[in-house]
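Comments concern the structure below.
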Amino acid sequence: MDAVVCDRVSKRFILRPDRPRSFQEALIGLFRPRPKDGARRVEFWALRDVSFAVRAGTTFGIVGENGSGKSTLLRVIARILKPTSGAVRVAGRVTALLELGAGFHPELTGRENIYLYGSILGLKRREVNARLDEIIGFAELGEFIDTPVKHYSSGMLVRLGFAVAVHLDPDILITDEVLAVGDEAFQHRCLEKVHEFARAGKTIIMVSHDLNLVRQLCDEALWLDRGQVRALGDPVSVTRAYLDWANAKAFRRADAPAPNRRWGSFDVEVTRVEFLDGEGNPTWFFATGDPLTIRLHYRAHRRIERPVFGVGLHLGESVHITGPNTRFAGLDIPYIEGDGIIEYRVRELNLTRGVYLVSVAVSDHSLTHLYDYHDRLYRLEVRSRPGFEAFGPVYLPAEWRHLNGVAGPIRPRPGYTPAPPPSPGRQPE
Amino acid sequence: MPGAGLRTYYFKAMLSVIPGPDRLAELFRYRELLYNLVARDLKVRYKNSVIGVFWSLLNPLAMSAIFTFVFTVLMPSGLPRYALYVLIGLLAWNWTVGAVVGGAQSVVAHGHLVRKVYFPAEVLPISTVISNLVNFLFALIPLFLLMFTLGQVPGPQLILLPVAIVTQLLFLSGLALAASALNVPFRDTAAVLDVLMLGWFFLTPVFYRVEDLAGDWSRLMYIVNPLASIIANYRILLYYNTWPDPLFMVRTFVQALAVLAAGYLVFGLLRDRLPEEV
Ligand SMILES: Nc1ncnc2c1ncn2[C@@H]1O[C@H](COP(=O)(O)OP(=O)(O)OP(=O)(O)O)[C@@H](O)[C@H]1O
Ligand SMILES: [Mg+2]
């Protein structure tokens with residue numbers, strides 16, 4: 001039995017209509033017909049002939065780059081948008097988690113918003129009542145539940161939104177990158193909830209940029225590229241195909257760098273940069289603690305004596321995390337000529353969840369003359385792994401110990417009065 | 001015959017936007033949302049309850065005082081109990097403004113919802129009309145106080161008041177539905193409405209009598225302006241204290257129904273475009 005069937009679904013958006021967009025334009029148009037090209041309409045096909053079926057009780061993943069039409073497809077399945085052509089058949093009640101807490105009103109309390117949001121999703125008061133305790137418990141809002149949501153932190157809002165939507169007992173759950181919200185602990189529980197759904201025989205359709213998650217959770221996957229199906233089937237092969245394509249594209253982009261992002265005398269050129277995982281496969285997704293190898297392919301156009309190769313890891317445009325090079329590491333390269341490879345191997349990538357930018361450089365031994373410098377041209381994504389979590393960008397491999405009941409060597413000075421404890425966190429207003 | 005084919009096409013297109021039984025059934029299933037939206041509107045408006053209620057009651061009374069000063073002292077109209085006469089018109093008018101102007105904004109203001117969640121969007125303008133109805137009902141309290149102050153005791157005709165109110169409810173729902181949907185493709189709907197509402201106010205017998213109009217205008221008024229008939233209903237019941245002509249009430253009701261149908265048709269024509277254009 002199929003829970004969702006899409007049959008040659010296409011969706012066209014009209015970016016600029018050829019009709020008046022206001023009464024003012026309509027009125028002016030009456031007296032002075034608009035110039036021809038001003039009236040030409042601009043269209044955009046966000047989906048083209050997308051066909052697939054999702055079997056009931058399975059988890060289906062959709063991947064693709066930004067703007068490829070993933071959210072549009074979900075909105076068509078959820079009946080929010082009507083396809084321009086083609087048909088969608090859905091068997092069962094759908095809950096779409098496209099934006100958490102979209103229906104919340106800032107002046108109302110969390111509890112009042114639960115009822116409001118529930119009714120937006122088509123629930124009766126009685127049905128919400130039956131799940132109220134569970135929702136409040138899952139969202140972990142404590143006494144904040146009776147505070148207007150305008151006083152909530154964004155994390156609290158997201159938790160409440162997820163809790164309401166996920167407890168509505170849909171037959172088909174549609175999620176758009178909402179599994180990666182909130183703090184680590186909450187993400188964990190969201191995933192658990194999704195697992196629970198899957199075990200209960202419900203159908204899940206998820207969009208995610210986290211390819212590992214898609215491999216872990218999905219029975220089948222779809223790769224959308226500019227509105228068209230590029231691959232459909234086994235999630236491992238679909239995500240691999242997508243990743244290969246995305247990697248190739250990223251390196252192509254790096255071949256033609258922005259003018260002020262690459263400089264040097266180019267006597268030596270770095271022709272290619274690869275990130276390799278533990279098995280030597282190119283990727284750009286890593287988890288904290290994974291091994292990472294950065295491989296530089298170079299070409300020396302003449303004989304260069306004692307070159308120094310270096311890499312740099314950056315957080316955003318401003319924070320330089322580390323900048324090792326072959327000279328600091330004591331690797332003396334007498335000379336290079338022609339093509340070659342330099343590898344920088346990291347045993348454990350001790351960066352926490354985030355997107356990092358990578359620079360590479362070749363210079364002379366004094367580090368003053370640059371042959372080739374790629375300034376933050378490459379992206380590396382790190383996702384978290386339980387047990388390797390920390391605030392800030394760096395995880396230091398370490399252990400915690402608690403020595404119970406041992407009198408520490410530090411005692412307060414005589415006559416010292418301890419400062420009053422810091423006032424407890426925000427009080428509910 | 002190519003003309004016939006085209007005609008069938010248009011006929012089918014018209015039929016497809018008329019809300020079918022399934023559409024109405026769905027609307028009914030979402031009545032809980034309607035209730036919650038109205039409750040939210042009122043809760044937010046009357047949050048600092050005493051002040052909120054106070055101002056919403058004071059506004060029509062103050063307006064009525066001003067009109068009474070103008071039309072009994074500055075240029076006497078000769079109408080007895082003018083304060084009551086004009087207050088009835090003002091209350092009906094205030095409900096109309098709130099419902100039409102607020103209703104026009106309702107879909108755009110909830111754009112984030114319409115874009116992201118599946119639900120019948122017509123609950124948005126309808127909820128605006130209903131929450132303004134609640135204000136109207138609140139404002140009946142000072143109206144009755146004024147009646148008693150002027151020594152007028154409402155008669156048994158009062159049982160027809162709900163009919164008059166429902167008539168206006170249907171009429172305003174039609175207008176709000178059309179305005180809310182038109183506001184999406186035509187972003188200057190609010191500006192147009194500002195002008196229209198001002199004109200409509202003076203072309204509606206709020207502060208004058210239809211019967212005083214020159215020539216045949218009074219007859220025309222009842223035909224082209226349903227709000228004139230609606231206000232006339234209220235005045236018969238609350239000001240003249242008599243039984244209305246049943247035919248007149250029925251005709252007004254049918255007029256309101258026709259406006260509702262037309263408004264729903266406009267909404268239905270634009271409905272599919274709302275989530276992508278709002
Ligand atoms: N209402 C709309 N009107 C016009 N264009 C739209 C509309 N909604 C989406 N689009 C366009 O359709 C394309 C697909 O958008 P969509 O949001 O589906 O992409 P996506 O795959 O979800 O991307 P992301 O990964 O960034 O979330 C985009 O180019 C977007 O600009
Ligand atoms: Mg998206």
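In the structure tokens, chains take letters A, B, ... by order of appearance, with residues numbered from 1 within each chain and ligands from 1 in the order shown.
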Counting only C-alpha atoms, chain B residues within 8 Å of chain A, as a ChimeraX atom specification: /B:29-30,32-33,36-37,40,44,112-119,185-189,192,272,275-276
Please, which residues have at least one atom within 10 Å of an atom of ligand 1, using only C-alpha atoms and all ligand atoms, listed as a compact mmCIF listing (two decimals) with N, CA and C atoms, in the first residue's frame?
# COMPACT_ATOMS: atom_id res chain seq x y z
N LYS A 11 5.35 22.06 -10.67
CA LYS A 11 4.86 23.28 -10.04
C LYS A 11 5.55 24.48 -10.67
N ARG A 12 4.74 25.39 -11.14
CA ARG A 12 5.28 26.61 -11.75
C ARG A 12 4.94 27.78 -10.85
N PHE A 13 5.95 28.58 -10.55
CA PHE A 13 5.70 29.83 -9.84
C PHE A 13 5.78 30.97 -10.83
N ILE A 14 4.95 31.95 -10.64
CA ILE A 14 5.02 33.12 -11.50
C ILE A 14 5.74 34.20 -10.71
N LEU A 15 6.97 34.47 -11.12
CA LEU A 15 7.78 35.42 -10.37
C LEU A 15 7.33 36.84 -10.68
N ARG A 16 7.01 37.10 -11.95
CA ARG A 16 6.47 38.41 -12.29
C ARG A 16 5.27 38.20 -13.20
N GLU A 43 8.39 33.25 -15.36
CA GLU A 43 7.94 32.03 -14.68
C GLU A 43 9.15 31.26 -14.18
N PHE A 44 8.84 30.34 -13.29
CA PHE A 44 9.91 29.52 -12.76
C PHE A 44 9.33 28.16 -12.42
N TRP A 45 9.91 27.11 -12.97
CA TRP A 45 9.42 25.76 -12.67
C TRP A 45 10.19 25.23 -11.48
N ALA A 46 9.54 25.19 -10.33
CA ALA A 46 10.22 24.71 -9.13
C ALA A 46 10.22 23.18 -9.09
N LEU A 47 9.26 22.54 -9.76
CA LEU A 47 9.21 21.08 -9.83
C LEU A 47 8.84 20.70 -11.26
N ILE A 62 14.44 13.14 1.33
CA ILE A 62 14.62 13.95 0.13
C ILE A 62 15.86 14.81 0.34
N VAL A 63 16.81 14.72 -0.60
CA VAL A 63 18.01 15.54 -0.51
C VAL A 63 18.13 16.38 -1.78
N GLY A 64 18.99 17.36 -1.71
CA GLY A 64 19.19 18.25 -2.86
C GLY A 64 19.72 19.57 -2.36
N GLU A 65 20.33 20.33 -3.27
CA GLU A 65 20.94 21.57 -2.83
C GLU A 65 19.89 22.65 -2.59
N ASN A 66 20.31 23.80 -2.10
CA ASN A 66 19.38 24.89 -1.80
C ASN A 66 18.64 25.30 -3.07
N GLY A 67 17.34 25.46 -2.92
CA GLY A 67 16.54 25.92 -4.06
C GLY A 67 16.19 24.83 -5.05
N SER A 68 16.44 23.58 -4.70
CA SER A 68 16.16 22.52 -5.66
C SER A 68 14.69 22.13 -5.67
N GLY A 69 13.91 22.65 -4.73
CA GLY A 69 12.48 22.39 -4.75
C GLY A 69 11.99 21.44 -3.67
N LYS A 70 12.83 21.14 -2.68
CA LYS A 70 12.44 20.17 -1.65
C LYS A 70 11.24 20.67 -0.85
N SER A 71 11.34 21.89 -0.36
CA SER A 71 10.24 22.41 0.46
C SER A 71 8.98 22.56 -0.38
N THR A 72 9.15 22.94 -1.64
CA THR A 72 7.99 23.06 -2.51
C THR A 72 7.30 21.72 -2.66
N LEU A 73 8.09 20.67 -2.84
CA LEU A 73 7.52 19.33 -2.98
C LEU A 73 6.74 18.95 -1.71
N LEU A 74 7.32 19.25 -0.55
CA LEU A 74 6.62 18.93 0.70
C LEU A 74 5.31 19.71 0.80
N ARG A 75 5.34 20.96 0.36
CA ARG A 75 4.12 21.76 0.45
C ARG A 75 3.05 21.25 -0.51
N VAL A 76 3.48 20.70 -1.63
CA VAL A 76 2.50 20.11 -2.55
C VAL A 76 1.90 18.85 -1.92
N LEU A 81 0.08 23.72 -1.47
CA LEU A 81 0.15 24.22 -2.84
C LEU A 81 -0.51 23.23 -3.77
N LEU A 98 6.71 22.16 8.63
CA LEU A 98 7.51 22.95 7.70
C LEU A 98 8.19 24.08 8.44
N ASP A 176 10.67 19.19 7.50
CA ASP A 176 11.59 19.93 6.65
C ASP A 176 12.72 20.46 7.51
N GLU A 177 13.76 19.70 7.63
CA GLU A 177 14.95 20.11 8.38
C GLU A 177 14.65 20.55 9.80
N VAL A 207 13.01 15.99 4.79
CA VAL A 207 14.02 16.69 4.01
C VAL A 207 15.16 16.97 4.96
N SER A 208 16.38 16.65 4.57
CA SER A 208 17.50 16.95 5.45
C SER A 208 18.75 17.18 4.63
N HIS A 209 19.58 18.09 5.16
CA HIS A 209 20.90 18.27 4.55
C HIS A 209 21.91 17.35 5.21
N LEU A 224 16.68 15.54 -5.52
CA LEU A 224 16.07 16.53 -6.40
C LEU A 224 17.15 17.48 -6.87
N ASP A 225 17.17 17.75 -8.16
CA ASP A 225 18.13 18.70 -8.69
C ASP A 225 17.37 19.66 -9.60
N ARG A 226 17.34 20.93 -9.23
CA ARG A 226 16.60 21.95 -9.96
C ARG A 226 15.20 21.48 -10.35
N GLY A 227 14.51 20.90 -9.37
CA GLY A 227 13.12 20.52 -9.59
C GLY A 227 12.91 19.18 -10.25
N ARG B 115 1.19 30.17 4.22
CA ARG B 115 2.28 29.60 3.44
C ARG B 115 2.71 28.23 3.95
N ARG B 273 -4.23 30.61 -5.18
CA ARG B 273 -3.04 31.44 -5.34
C ARG B 273 -2.55 32.01 -4.02
N LEU B 274 -3.39 31.94 -2.99
CA LEU B 274 -3.01 32.58 -1.74
C LEU B 274 -1.69 32.04 -1.17
N PRO B 275 -1.52 30.70 -1.02
CA PRO B 275 -0.30 30.23 -0.36
C PRO B 275 0.98 30.58 -1.12
N GLU B 276 0.92 30.75 -2.42
CA GLU B 276 2.17 31.06 -3.12
C GLU B 276 2.41 32.54 -3.31
N GLU B 277 1.35 33.35 -3.18
CA GLU B 277 1.55 34.77 -3.45
C GLU B 277 1.53 35.64 -2.20
N VAL B 278 1.00 35.09 -1.12
CA VAL B 278 0.82 35.95 0.06
C VAL B 278 2.17 36.41 0.60
Non-local contacts of Leu232 of chain A (8 Å; only C-alpha atoms; under 5 positions in same chain excluded) as a PyMOL selection string: chain A and resi 220-223+238
Helix (DSSP H, G or I) per DSSP on the backbone: members of segment 245-408 of chain A, as a PyMOL selection string: chain A and resi 245-255+259-261
Any chance you could export the current selection's C-alpha atoms as a PDB file, in the first residue's frame?
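That gives us result-v4.pdb:
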ATOM      1  CA  TRP A 245      28.088  15.464  -7.555  1.00  0.00           C
ATOM      2  CA  ALA A 246      28.163  18.131  -4.818  1.00  0.00           C
ATOM      3  CA  ASN A 247      31.874  17.560  -4.190  1.00  0.00           C
ATOM      4  CA  ALA A 248      32.673  17.796  -7.869  1.00  0.00           C
ATOM      5  CA  LYS A 249      30.698  20.985  -8.057  1.00  0.00           C
ATOM      6  CA  ALA A 250      32.454  22.484  -5.044  1.00  0.00           C
ATOM      7  CA  PHE A 251      35.862  21.766  -6.524  1.00  0.00           C
ATOM      8  CA  ARG A 252      34.813  23.161  -9.859  1.00  0.00           C
ATOM      9  CA  ARG A 253      33.855  26.298  -8.056  1.00  0.00           C
ATOM     10  CA  ALA A 254      37.213  26.416  -6.320  1.00  0.00           C
ATOM     11  CA  ASP A 255      38.942  26.176  -9.708  1.00  0.00           C
ATOM     12  CA  PRO A 259      39.715  37.183  -7.513  1.00  0.00           C
ATOM     13  CA  ASN A 260      40.610  38.327  -4.007  1.00  0.00           C
ATOM     14  CA  ARG A 261      40.414  34.854  -2.473  1.00  0.00           C
TER      15      ARG A 261
END
Could you pull the residues within 8 Å of Phe267 of chain B, counting only C-alpha atoms, minus those fewer than 6 positions along the same chain, as a PDB file with all heavy atoms, in the first residue's frame?
ATOM      1  N   GLU B 122     -10.349  30.611   4.654  1.00  0.00           N
ATOM      2  CA  GLU B 122     -11.501  31.497   4.838  1.00  0.00           C
ATOM      3  C   GLU B 122     -11.840  31.707   6.312  1.00  0.00           C
ATOM      4  O   GLU B 122     -12.538  32.663   6.647  1.00  0.00           O
ATOM      5  CB  GLU B 122     -12.727  31.027   4.051  1.00  0.00           C
ATOM      6  CG  GLU B 122     -13.095  29.571   4.064  1.00  0.00           C
ATOM      7  CD  GLU B 122     -12.407  28.739   2.983  1.00  0.00           C
ATOM      8  OE1 GLU B 122     -11.159  28.774   2.918  1.00  0.00           O
ATOM      9  OE2 GLU B 122     -13.093  28.040   2.232  1.00  0.00           O
ATOM     10  N   LEU B 177     -14.539  38.305   3.019  1.00  0.00           N
ATOM     11  CA  LEU B 177     -13.940  37.230   2.217  1.00  0.00           C
ATOM     12  C   LEU B 177     -13.337  37.795   0.939  1.00  0.00           C
ATOM     13  O   LEU B 177     -12.180  37.522   0.597  1.00  0.00           O
ATOM     14  CB  LEU B 177     -15.004  36.186   1.865  1.00  0.00           C
ATOM     15  CG  LEU B 177     -15.303  35.153   2.945  1.00  0.00           C
ATOM     16  CD1 LEU B 177     -16.611  34.429   2.648  1.00  0.00           C
ATOM     17  CD2 LEU B 177     -14.159  34.153   3.057  1.00  0.00           C
ATOM     18  N   ALA B 178     -14.117  38.615   0.238  1.00  0.00           N
ATOM     19  CA  ALA B 178     -13.627  39.167  -1.025  1.00  0.00           C
ATOM     20  C   ALA B 178     -12.414  40.068  -0.770  1.00  0.00           C
ATOM     21  O   ALA B 178     -11.392  39.949  -1.446  1.00  0.00           O
ATOM     22  CB  ALA B 178     -14.741  39.944  -1.717  1.00  0.00           C
ATOM     23  N   SER B 180     -10.277  40.121   1.732  1.00  0.00           N
ATOM     24  CA  SER B 180      -9.078  39.432   2.212  1.00  0.00           C
ATOM     25  C   SER B 180      -8.338  38.765   1.062  1.00  0.00           C
ATOM     26  O   SER B 180      -7.116  38.747   1.028  1.00  0.00           O
ATOM     27  CB  SER B 180      -9.455  38.392   3.269  1.00  0.00           C
ATOM     28  OG  SER B 180     -10.152  37.323   2.661  1.00  0.00           O
ATOM     29  N   ALA B 181      -9.081  38.201   0.107  1.00  0.00           N
ATOM     30  CA  ALA B 181      -8.421  37.518  -1.007  1.00  0.00           C
ATOM     31  C   ALA B 181      -7.878  38.517  -2.022  1.00  0.00           C
ATOM     32  O   ALA B 181      -6.780  38.348  -2.541  1.00  0.00           O
ATOM     33  CB  ALA B 181      -9.397  36.556  -1.675  1.00  0.00           C
ATOM     34  N   LEU B 182      -8.630  39.595  -2.275  1.00  0.00           N
ATOM     35  CA  LEU B 182      -8.164  40.594  -3.240  1.00  0.00           C
ATOM     36  C   LEU B 182      -6.893  41.280  -2.770  1.00  0.00           C
ATOM     37  O   LEU B 182      -6.076  41.725  -3.563  1.00  0.00           O
ATOM     38  CB  LEU B 182      -9.256  41.647  -3.466  1.00  0.00           C
ATOM     39  CG  LEU B 182     -10.385  41.224  -4.402  1.00  0.00           C
ATOM     40  CD1 LEU B 182     -11.469  42.281  -4.414  1.00  0.00           C
ATOM     41  CD2 LEU B 182      -9.842  40.996  -5.806  1.00  0.00           C
TER      42      LEU B 182
END
Residues within 12 Å of Met63 of chain B, only C-alpha atoms, excluding chain neighbours under 6 positions, as a list in words: Ser56, Leu57, Phe69, Val70, Ala83, Leu84, Val86, Leu87, Ile88, Gly89, Leu90, Leu91, Trp93, Asn94, Val206 and Phe207 of chain B
Secondary structure check, strand (DSSP E or B) residues of segment 101-176 of chain A, as a ChimeraX atom specification: /A:109,148,172-176
Now that the selection is made, can you save its residues with all heavy atoms as a compact mmCIF listing (two decimals), in the first residue's frame?
# COMPACT_ATOMS: atom_id res chain seq x y z
N THR A 109 -0.22 32.65 26.09
CA THR A 109 0.69 31.78 26.84
C THR A 109 0.96 30.51 26.04
O THR A 109 0.29 30.22 25.05
CB THR A 109 0.07 31.38 28.18
OG1 THR A 109 -1.04 30.50 27.90
CG2 THR A 109 -0.43 32.57 28.96
N PRO A 148 3.36 34.21 28.49
CA PRO A 148 3.21 34.53 27.06
C PRO A 148 4.46 34.11 26.29
O PRO A 148 5.58 34.28 26.78
CB PRO A 148 3.05 36.05 27.04
CG PRO A 148 2.54 36.40 28.38
CD PRO A 148 3.10 35.39 29.34
N ILE A 172 0.90 10.38 8.51
CA ILE A 172 2.06 10.71 7.69
C ILE A 172 2.69 11.97 8.26
O ILE A 172 2.02 13.00 8.42
CB ILE A 172 1.63 10.96 6.23
CG1 ILE A 172 0.92 9.73 5.67
CG2 ILE A 172 2.83 11.32 5.37
CD1 ILE A 172 0.22 9.97 4.36
N LEU A 173 3.96 11.88 8.60
CA LEU A 173 4.67 13.02 9.18
C LEU A 173 5.62 13.57 8.13
O LEU A 173 6.40 12.82 7.54
CB LEU A 173 5.44 12.60 10.42
CG LEU A 173 6.21 13.69 11.14
CD1 LEU A 173 5.26 14.64 11.84
CD2 LEU A 173 7.18 13.10 12.15
N ILE A 174 5.54 14.87 7.90
CA ILE A 174 6.40 15.50 6.91
C ILE A 174 7.29 16.49 7.64
O ILE A 174 6.78 17.38 8.33
CB ILE A 174 5.56 16.22 5.85
CG1 ILE A 174 4.76 15.20 5.05
CG2 ILE A 174 6.43 17.04 4.93
CD1 ILE A 174 3.92 15.82 3.96
N THR A 175 8.60 16.34 7.56
CA THR A 175 9.48 17.26 8.29
C THR A 175 10.47 17.89 7.33
O THR A 175 11.03 17.23 6.47
CB THR A 175 10.26 16.56 9.42
OG1 THR A 175 11.26 15.74 8.83
CG2 THR A 175 9.36 15.71 10.27
N ASP A 176 10.67 19.19 7.50
CA ASP A 176 11.59 19.93 6.65
C ASP A 176 12.72 20.46 7.51
O ASP A 176 12.62 21.55 8.07
CB ASP A 176 10.84 21.08 5.96
CG ASP A 176 11.65 21.68 4.82
OD1 ASP A 176 12.83 21.32 4.69
OD2 ASP A 176 11.10 22.51 4.08
Neighbour list for Gly340 of chain A as an NGL selection string, cut-off 7 Å, only C-alpha atoms, skip fewer than 6 positions in-chain: :A and (297-299)
Non-local contacts of segment 249-262 of chain B (10 Å; only C-alpha atoms; under 4 positions in same chain excluded) as a PyMOL selection string: chain B and resi 18-19+160+163-164+166-178+222-230+232-233+244-245+266-268
Export of the given selection (N, CA, C and O atoms) as a compact mmCIF listing (two decimals), in the first residue's frame:
# COMPACT_ATOMS: atom_id res chain seq x y z
N ILE B 18 -17.24 27.33 -6.74
CA ILE B 18 -18.35 27.37 -5.79
C ILE B 18 -18.06 26.34 -4.71
O ILE B 18 -17.73 25.20 -5.01
N PRO B 19 -18.09 26.77 -3.45
CA PRO B 19 -17.74 25.82 -2.41
C PRO B 19 -18.69 24.63 -2.41
O PRO B 19 -19.88 24.78 -2.23
N LEU B 160 -36.70 39.97 17.30
CA LEU B 160 -36.23 39.95 15.91
C LEU B 160 -34.81 40.49 15.76
O LEU B 160 -34.23 40.43 14.69
N VAL B 163 -32.21 38.27 14.21
CA VAL B 163 -32.32 38.12 12.76
C VAL B 163 -31.58 39.26 12.07
O VAL B 163 -30.82 39.05 11.11
N ALA B 164 -31.79 40.47 12.59
CA ALA B 164 -31.11 41.62 11.99
C ALA B 164 -29.59 41.47 12.11
O ALA B 164 -28.84 41.79 11.18
N VAL B 166 -27.83 38.63 12.38
CA VAL B 166 -27.34 37.57 11.48
C VAL B 166 -27.28 38.08 10.05
O VAL B 166 -26.35 37.79 9.30
N THR B 167 -28.26 38.90 9.68
CA THR B 167 -28.25 39.48 8.33
C THR B 167 -26.96 40.26 8.10
O THR B 167 -26.27 40.09 7.10
N GLN B 168 -26.61 41.10 9.08
CA GLN B 168 -25.39 41.88 8.91
C GLN B 168 -24.16 40.97 8.93
O GLN B 168 -23.20 41.20 8.20
N LEU B 169 -24.20 39.92 9.74
CA LEU B 169 -23.07 38.98 9.82
C LEU B 169 -22.79 38.36 8.45
O LEU B 169 -21.64 38.29 8.00
N LEU B 170 -23.86 37.92 7.77
CA LEU B 170 -23.68 37.30 6.45
C LEU B 170 -23.13 38.32 5.46
O LEU B 170 -22.22 38.04 4.69
N PHE B 171 -23.74 39.52 5.50
CA PHE B 171 -23.32 40.58 4.58
C PHE B 171 -21.84 40.90 4.75
O PHE B 171 -21.06 40.91 3.79
N LEU B 172 -21.41 41.09 6.01
CA LEU B 172 -20.02 41.47 6.25
C LEU B 172 -19.07 40.32 5.92
O LEU B 172 -17.95 40.55 5.46
N SER B 173 -19.51 39.07 6.16
CA SER B 173 -18.64 37.94 5.83
C SER B 173 -18.33 37.93 4.34
O SER B 173 -17.19 37.68 3.94
N GLY B 174 -19.34 38.20 3.54
CA GLY B 174 -19.12 38.25 2.09
C GLY B 174 -18.10 39.31 1.73
O GLY B 174 -17.17 39.06 0.96
N LEU B 175 -18.24 40.50 2.31
CA LEU B 175 -17.31 41.58 1.99
C LEU B 175 -15.90 41.24 2.46
O LEU B 175 -14.92 41.45 1.75
N ALA B 176 -15.80 40.70 3.69
CA ALA B 176 -14.48 40.42 4.25
C ALA B 176 -13.78 39.32 3.45
O ALA B 176 -12.57 39.38 3.22
N LEU B 177 -14.54 38.31 3.02
CA LEU B 177 -13.94 37.23 2.22
C LEU B 177 -13.34 37.80 0.94
O LEU B 177 -12.18 37.52 0.60
N ALA B 178 -14.12 38.61 0.24
CA ALA B 178 -13.63 39.17 -1.02
C ALA B 178 -12.41 40.07 -0.77
O ALA B 178 -11.39 39.95 -1.45
N TYR B 222 -32.06 51.92 -0.72
CA TYR B 222 -32.33 50.59 -0.18
C TYR B 222 -31.97 49.49 -1.16
O TYR B 222 -31.73 48.35 -0.79
N ILE B 223 -31.93 49.84 -2.46
CA ILE B 223 -31.63 48.80 -3.44
C ILE B 223 -30.12 48.58 -3.57
O ILE B 223 -29.64 47.46 -3.54
N VAL B 224 -29.36 49.69 -3.66
CA VAL B 224 -27.93 49.50 -3.93
C VAL B 224 -27.09 49.40 -2.67
O VAL B 224 -25.95 48.93 -2.73
N ASN B 225 -27.59 49.84 -1.55
CA ASN B 225 -26.77 49.82 -0.35
C ASN B 225 -27.40 48.94 0.73
O ASN B 225 -28.22 49.41 1.52
N PRO B 226 -27.03 47.67 0.78
CA PRO B 226 -27.66 46.78 1.76
C PRO B 226 -27.48 47.26 3.19
O PRO B 226 -28.33 47.00 4.04
N LEU B 227 -26.38 48.00 3.44
CA LEU B 227 -26.15 48.47 4.80
C LEU B 227 -27.26 49.43 5.23
O LEU B 227 -27.63 49.48 6.40
N ALA B 228 -27.82 50.18 4.28
CA ALA B 228 -28.92 51.09 4.60
C ALA B 228 -30.11 50.29 5.12
O ALA B 228 -30.74 50.65 6.12
N SER B 229 -30.41 49.16 4.44
CA SER B 229 -31.52 48.32 4.89
C SER B 229 -31.21 47.70 6.24
O SER B 229 -32.09 47.58 7.10
N ILE B 230 -29.96 47.29 6.42
CA ILE B 230 -29.59 46.65 7.69
C ILE B 230 -29.76 47.64 8.84
O ILE B 230 -30.33 47.31 9.90
N ALA B 232 -31.69 50.22 8.81
CA ALA B 232 -33.13 50.48 8.93
C ALA B 232 -33.78 49.41 9.82
O ALA B 232 -34.62 49.72 10.67
N ASN B 233 -33.37 48.16 9.63
CA ASN B 233 -33.87 47.08 10.49
C ASN B 233 -33.65 47.40 11.96
O ASN B 233 -34.56 47.30 12.78
N PRO B 244 -41.42 45.28 12.18
CA PRO B 244 -40.98 45.62 10.82
C PRO B 244 -41.87 44.95 9.78
O PRO B 244 -42.60 44.01 10.08
N ASP B 245 -41.81 45.49 8.58
CA ASP B 245 -42.46 44.85 7.44
C ASP B 245 -41.69 43.56 7.15
O ASP B 245 -40.50 43.61 6.83
N VAL B 266 -15.49 35.21 -5.12
CA VAL B 266 -14.21 35.90 -5.33
C VAL B 266 -13.11 35.17 -4.57
O VAL B 266 -12.03 34.90 -5.10
N PHE B 267 -13.41 34.81 -3.33
CA PHE B 267 -12.41 34.11 -2.53
C PHE B 267 -12.03 32.79 -3.19
O PHE B 267 -10.87 32.43 -3.28
N GLY B 268 -13.05 32.06 -3.66
CA GLY B 268 -12.80 30.77 -4.29
C GLY B 268 -11.94 30.89 -5.54
O GLY B 268 -11.07 30.05 -5.79
Two-atom distance - atom CA of Val158 of chain A, atom CA of Asp183 of chain A (Å): 10.2 Å
Computed interatomic separation between atom CA of Leu357 of chain A and atom CA of Gly264 of chain A (Å): 19.5 Å
Point-to-point distance from atom CA of Leu331 of chain A to atom CA of Val308 of chain A, Å rounded to tenths: 8.7 Å
